[in-house]
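Beneath this line is the structure, given in structure tokens, with notes to follow.
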Amino acid sequence: MRTRFAPSPTGYMHIGNLRTALYEYLIAKSNGGKFILRIEDTDQERYVEGAMDAIFNTLEMTGIKYDEGPYVGGDYGPYIQSERLHLYKKYAQELVDKGEAYYCFCTKERLDSLKKSAAELGDALNYDRHCFYLDKEEVEKNLRNNVPHVIRQKMPTEGTTTFHDVVYGDITIENKTLEDQVLLKSDGYPTYNFANVVDDHLMKITHVVRGNEYLSSTPKYNLLYSAFGWEIPTYIHLPPVMKDQHTKLSKRHGDASFQDLVERGYLPKAILNYIALLGWSPKDTEEIFTLEELEKSFNLDGLSKSPAIFDIEKLTWMNGEHIRRMDLDEFYDVARPYIEKGTNSSLTEEQMKKIAGLIQKRTEVLTEIPGKISFFAELPDYDIQIYVHKKMKTDLENSLTYLKEGFDYLKEAQDFTSNSLYEGIKELAAKLGCKNSQILWPMRTALSGVEVSPGGATEIAEILGKEESLKRMEYGISKLGG
RNA sequence: GGCCCCUUGGUCAAGAGGUUAAGACACCGCCCUUUCACGGCGGAGACACGAGUUCGAUUCUCGUAGGGGUCACCA
């Protein structure tokens, strides 16, 4: 089994594209097959500098490895279409010789006017097949004079064409709705319609996987395969990934690309996991998968045929899920830049690692880290009203009292670790006859200066260290008028 | 507009004639708890509509409606 991902380098890699690549990869890999990358750069006008690198980088970051493709090579190269021009020319000529295609010298003006009148008449077809009726001498004369021309495929005018698609089943269309499509453009480049057939055949692609926008042109490709006498591949068309009920997710509408999501704090593996589930569902109810696990579980009949809306909230949850499943070192590796950013790189390695431990279960997207932990580096200016907490049974008055008690305790504490401090404070509360929270809440507040913090009073104290903790406690006491 | 395709809670989705119509996100409540998270338990919430086939349709058929795609020298 051989599948291919055939993007055109016209911009950045968007989510729908990436999902197609993923499925193509998974379909091949779950069957022990090969996954091929082919660049479809046959539109010179839409070519975007750097777009090819975006494709390579994205595949690299996600771990989707191709067995054959640009740079890595393979037995069926080159894998960039602009380097295969001679092939398309040769095969187009073959079709002309067989009478399956013909030269067309029509000008753009003539084509435009045909299109206009067809639109007015409500005709399905635009082209009137004018050049098909040119006699041989005239064609040759035009060719000799270098009159610009294209090569068109001659479509049958009656009958129907049926093809089978793995997800959509049998689809039949009437041949008379098919236009004599252009195979070779006047600039010598093939159209997608032609190049994909030639290349898929030459590269021995067994399963053609692509978006379902190609569903309606697939009969044309089959006609091409038959004209050549080539074997028709298995088709697997995929429903689109939507932004909402009405519009597809696309870079054009400013929707997030893979790269954008990574910059927003999403892990490549979580993105991959999430999009795998947009249009495919596993046999059981497990939803968290690594790429390797997907390779094992993937199966064709889990593919669905209706569009799926991209839900950033679920991706966010899933990202958190992947974060929680990392071991601390792995998490620290990805979180460290964000911790440094939030603390201006003012903390020690040891402190940062402890912070990582505190925030791992509280992080869904990496970019939320800096804001959550900046108080470790610098005590923010805070309103003393946050000492008042109904559920903790604290008010301004008892906060001051217990803060002083807490301060005295911390000052004498020998073992400045969270557990030890926590035990000590519990004893203190028992001795004072108050609730644990009546000491801990004011302490947490004084130590952090924020209403909500990752970690409680003693965890923060441990990271801050004795000196800084006492300083902050003192400041809190003075703020409360003590 | 012609042709093709799609339609289960707000979202992702399982189910393919007889089910209390799974599960997940989000939402709500409770529990756990040194705040917040995490975790645990529970709740609310769906078969687009109309015919037909059938003892019985979410499931099959046909219509209707809604949505999408496609009709390029773009892919």
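Chain lettering (A, B, ...) mirrors the order of the structure tokens, residue numbering begins at 1 for each chain separately, and ligand numbering begins at 1 in order of display.
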
Within 12 Å of chain A: each chain B residue with its shortest pair, only C-alpha atoms (C1' of nucleotides), as a tab-separated table:
residue	atom	partner	partner_atom	distance
B:G1	C1'	A:Gly122	CA	6.9
B:G2	C1'	A:Ala124	CA	6.2
B:C3	C1'	A:Thr177	CA	7.3
B:C4	C1'	A:Ser216	CA	5.9
B:C5	C1'	A:Tyr168	CA	8.1
B:C6	C1'	A:Ser306	CA	5.5
B:U7	C1'	A:Ser306	CA	8.0
B:G10	C1'	A:Asp311	CA	11.0
B:U11	C1'	A:Asp311	CA	6.4
B:C12	C1'	A:Leu278	CA	6.6
B:A13	C1'	A:Ser281	CA	7.2
B:A14	C1'	A:Ser281	CA	8.4
B:G15	C1'	A:Lys283	CA	11.7
B:A22	C1'	A:Thr285	CA	8.8
B:G23	C1'	A:Thr285	CA	5.7
B:A24	C1'	A:Glu287	CA	7.5
B:C25	C1'	A:Lys314	CA	4.7
B:A26	C1'	A:Glu313	CA	7.3
B:U33	C1'	A:Gly456	CA	10.5
B:U34	C1'	A:Gly456	CA	5.0
B:U35	C1'	A:Val452	CA	5.5
B:C36	C1'	A:Val452	CA	5.3
B:A37	C1'	A:Arg362	CA	4.8
B:C38	C1'	A:Lys361	CA	5.6
B:G39	C1'	A:Lys361	CA	10.5
B:G66	C1'	A:Gln245	CA	11.1
B:G67	C1'	A:His246	CA	7.2
B:G68	C1'	A:His246	CA	7.5
B:G69	C1'	A:Glu213	CA	5.4
B:U70	C1'	A:Ser216	CA	5.9
B:C71	C1'	A:Ala124	CA	6.9
B:A72	C1'	A:Val182	CA	9.2
B:C73	C1'	A:Lys185	CA	4.6
B:C74	C1'	A:Asp43	CA	7.2
B:A75	C1'	A:Tyr192	CA	6.0

Which of region 110-256 of chain A end up as helix (DSSP H, G or I) when DSSP is run on this backbone - answer as a ChimeraX atom specification? /A:110-121,130-133,136-144,175-177,192-202,212-228,251-253

Which of region 190-414 of chain A counts as strand (DSSP E or B) under DSSP, as an mmCIF file with N, CA and C atoms, in the first residue's frame please?
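Final output, saved to part.cif:
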data_model
loop_
_atom_site.group_PDB
_atom_site.id
_atom_site.type_symbol
_atom_site.label_atom_id
_atom_site.label_comp_id
_atom_site.auth_asym_id
_atom_site.auth_seq_id
_atom_site.Cartn_x
_atom_site.Cartn_y
_atom_site.Cartn_z
ATOM 1 N N PRO A 190 1.439 21.136 -16.390
ATOM 2 C CA PRO A 190 0.203 20.356 -16.393
ATOM 3 C C PRO A 190 -0.788 20.993 -15.424
ATOM 4 N N HIS A 207 -3.602 4.066 -2.920
ATOM 5 C CA HIS A 207 -4.764 4.686 -2.288
ATOM 6 C C HIS A 207 -4.677 6.195 -2.385
ATOM 7 N N VAL A 208 -5.579 6.749 -3.137
ATOM 8 C CA VAL A 208 -5.592 8.200 -3.310
ATOM 9 C C VAL A 208 -6.487 8.798 -2.225
ATOM 10 N N VAL A 209 -5.873 9.550 -1.333
ATOM 11 C CA VAL A 209 -6.599 10.136 -0.209
ATOM 12 C C VAL A 209 -6.556 11.649 -0.372
ATOM 13 N N ARG A 210 -7.703 12.286 -0.314
ATOM 14 C CA ARG A 210 -7.726 13.735 -0.499
ATOM 15 C C ARG A 210 -9.047 14.294 0.000
ATOM 16 N N GLY A 211 -9.183 15.600 0.003
ATOM 17 C CA GLY A 211 -10.401 16.239 0.458
ATOM 18 C C GLY A 211 -11.574 15.938 -0.461
ATOM 19 N N THR A 234 -7.540 3.052 -5.389
ATOM 20 C CA THR A 234 -8.633 3.085 -4.425
ATOM 21 C C THR A 234 -8.785 4.540 -3.972
ATOM 22 N N TYR A 235 -10.017 5.003 -3.938
ATOM 23 C CA TYR A 235 -10.228 6.393 -3.533
ATOM 24 C C TYR A 235 -10.738 6.506 -2.106
ATOM 25 N N ILE A 236 -10.173 7.461 -1.402
ATOM 26 C CA ILE A 236 -10.640 7.738 -0.044
ATOM 27 C C ILE A 236 -10.768 9.247 0.070
ATOM 28 N N HIS A 237 -12.005 9.726 0.002
ATOM 29 C CA HIS A 237 -12.216 11.170 0.103
ATOM 30 C C HIS A 237 -12.608 11.534 1.520
ATOM 31 N N LEU A 238 -12.058 12.635 1.971
ATOM 32 C CA LEU A 238 -12.245 13.059 3.357
ATOM 33 C C LEU A 238 -13.167 14.276 3.469
ATOM 34 N N VAL A 241 -12.687 19.944 7.318
ATOM 35 C CA VAL A 241 -12.638 20.427 8.698
ATOM 36 C C VAL A 241 -13.187 21.850 8.628
ATOM 37 N N MET A 242 -14.205 22.102 9.426
ATOM 38 C CA MET A 242 -14.889 23.388 9.358
ATOM 39 C C MET A 242 -14.518 24.326 10.495
ATOM 40 N N LYS A 248 -15.328 26.490 5.809
ATOM 41 C CA LYS A 248 -14.193 25.616 6.021
ATOM 42 C C LYS A 248 -13.116 26.361 6.775
ATOM 43 N N SER A 257 -3.213 28.312 11.801
ATOM 44 C CA SER A 257 -2.470 27.259 11.125
ATOM 45 C C SER A 257 -1.814 26.415 12.204
ATOM 46 N N TRP A 280 -12.516 10.931 12.308
ATOM 47 C CA TRP A 280 -12.222 9.514 12.492
ATOM 48 C C TRP A 280 -12.479 9.176 13.944
ATOM 49 N N LEU A 303 -13.586 6.192 9.618
ATOM 50 C CA LEU A 303 -13.684 7.481 8.932
ATOM 51 C C LEU A 303 -15.138 7.878 8.748
ATOM 52 N N ALA A 308 -16.588 18.149 10.092
ATOM 53 C CA ALA A 308 -16.409 18.299 11.534
ATOM 54 C C ALA A 308 -15.943 19.714 11.838
ATOM 55 N N ILE A 309 -16.518 20.299 12.855
ATOM 56 C CA ILE A 309 -16.134 21.647 13.236
ATOM 57 C C ILE A 309 -14.962 21.596 14.213
ATOM 58 N N HIS A 389 -11.741 36.279 52.985
ATOM 59 C CA HIS A 389 -12.267 35.132 52.250
ATOM 60 C C HIS A 389 -13.291 34.414 53.120
ATOM 61 N N THR A 394 -11.743 34.151 56.920
ATOM 62 C CA THR A 394 -10.734 35.163 57.225
ATOM 63 C C THR A 394 -11.292 36.556 56.979
#

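Atom pair CA of Leu328 (chain A) / CA of Leu421 (chain A) has a distance of 23.3 Å (rounded to one decimal).
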
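Take CA of Ala195 (chain A) and CA of Trp230 (chain A): the distance between them is 14.2 Å.
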
Please identify all polymer residues within 8 Å of Leu464 (chain A), counting only C-alpha atoms (C1' of nucleotides), omitting same-chain residues fewer than 5 positions from it, and present them as a JSON list (two decimals) with N, CA, C and O atoms, in the first residue's frame.
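File produced: out.json:
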[["chain", "number", "residue", "atom", "x", "y", "z"],
["A", 351, "GLN", "N", 14.45, 26.25, 41.57],
["A", 351, "GLN", "CA", 13.16, 26.90, 41.77],
["A", 351, "GLN", "C", 12.24, 26.68, 40.57],
["A", 351, "GLN", "O", 11.06, 26.38, 40.72],
["A", 376, "PHE", "N", 6.25, 34.73, 41.58],
["A", 376, "PHE", "CA", 7.42, 34.13, 42.24],
["A", 376, "PHE", "C", 8.62, 35.04, 42.12],
["A", 376, "PHE", "O", 9.45, 35.13, 43.02],
["A", 469, "SER", "N", 10.39, 34.62, 51.80],
["A", 469, "SER", "CA", 9.09, 34.37, 52.42],
["A", 469, "SER", "C", 8.87, 35.30, 53.61],
["A", 469, "SER", "O", 7.81, 35.92, 53.73]]

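Using only C-alpha atoms (C1' of nucleotides), the nearest neighbour of U59 (chain B) within the list B:G9, B:G29, B:G43, B:G17 is B:G17.
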
Write out as a list in words the residues lying within 7 Å of Tyr79 (chain A), counting only C-alpha atoms (C1' of nucleotides) and excluding same-chain residues fewer than 4 positions away. Arg38, Ile39, Gly69 and Pro70 of chain A

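In this model, the gap between CA of Tyr221 (chain A) and CA of Gly99 (chain A) comes to 16.7 Å.
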
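Using only C-alpha atoms (C1' of nucleotides), the nearest neighbour of A21 (chain B) within the list B:G42, B:U58, B:U64, B:C49 is B:U58.
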
Using only C-alpha atoms (C1' of nucleotides), determine which residues lie at most 10 Å from Lys29 (chain A), disregarding the query and same-chain residues fewer than 6 positions distant; provide the list as a PyMOL selection string. chain A and resi 1-3+23+35+292+294-296+298
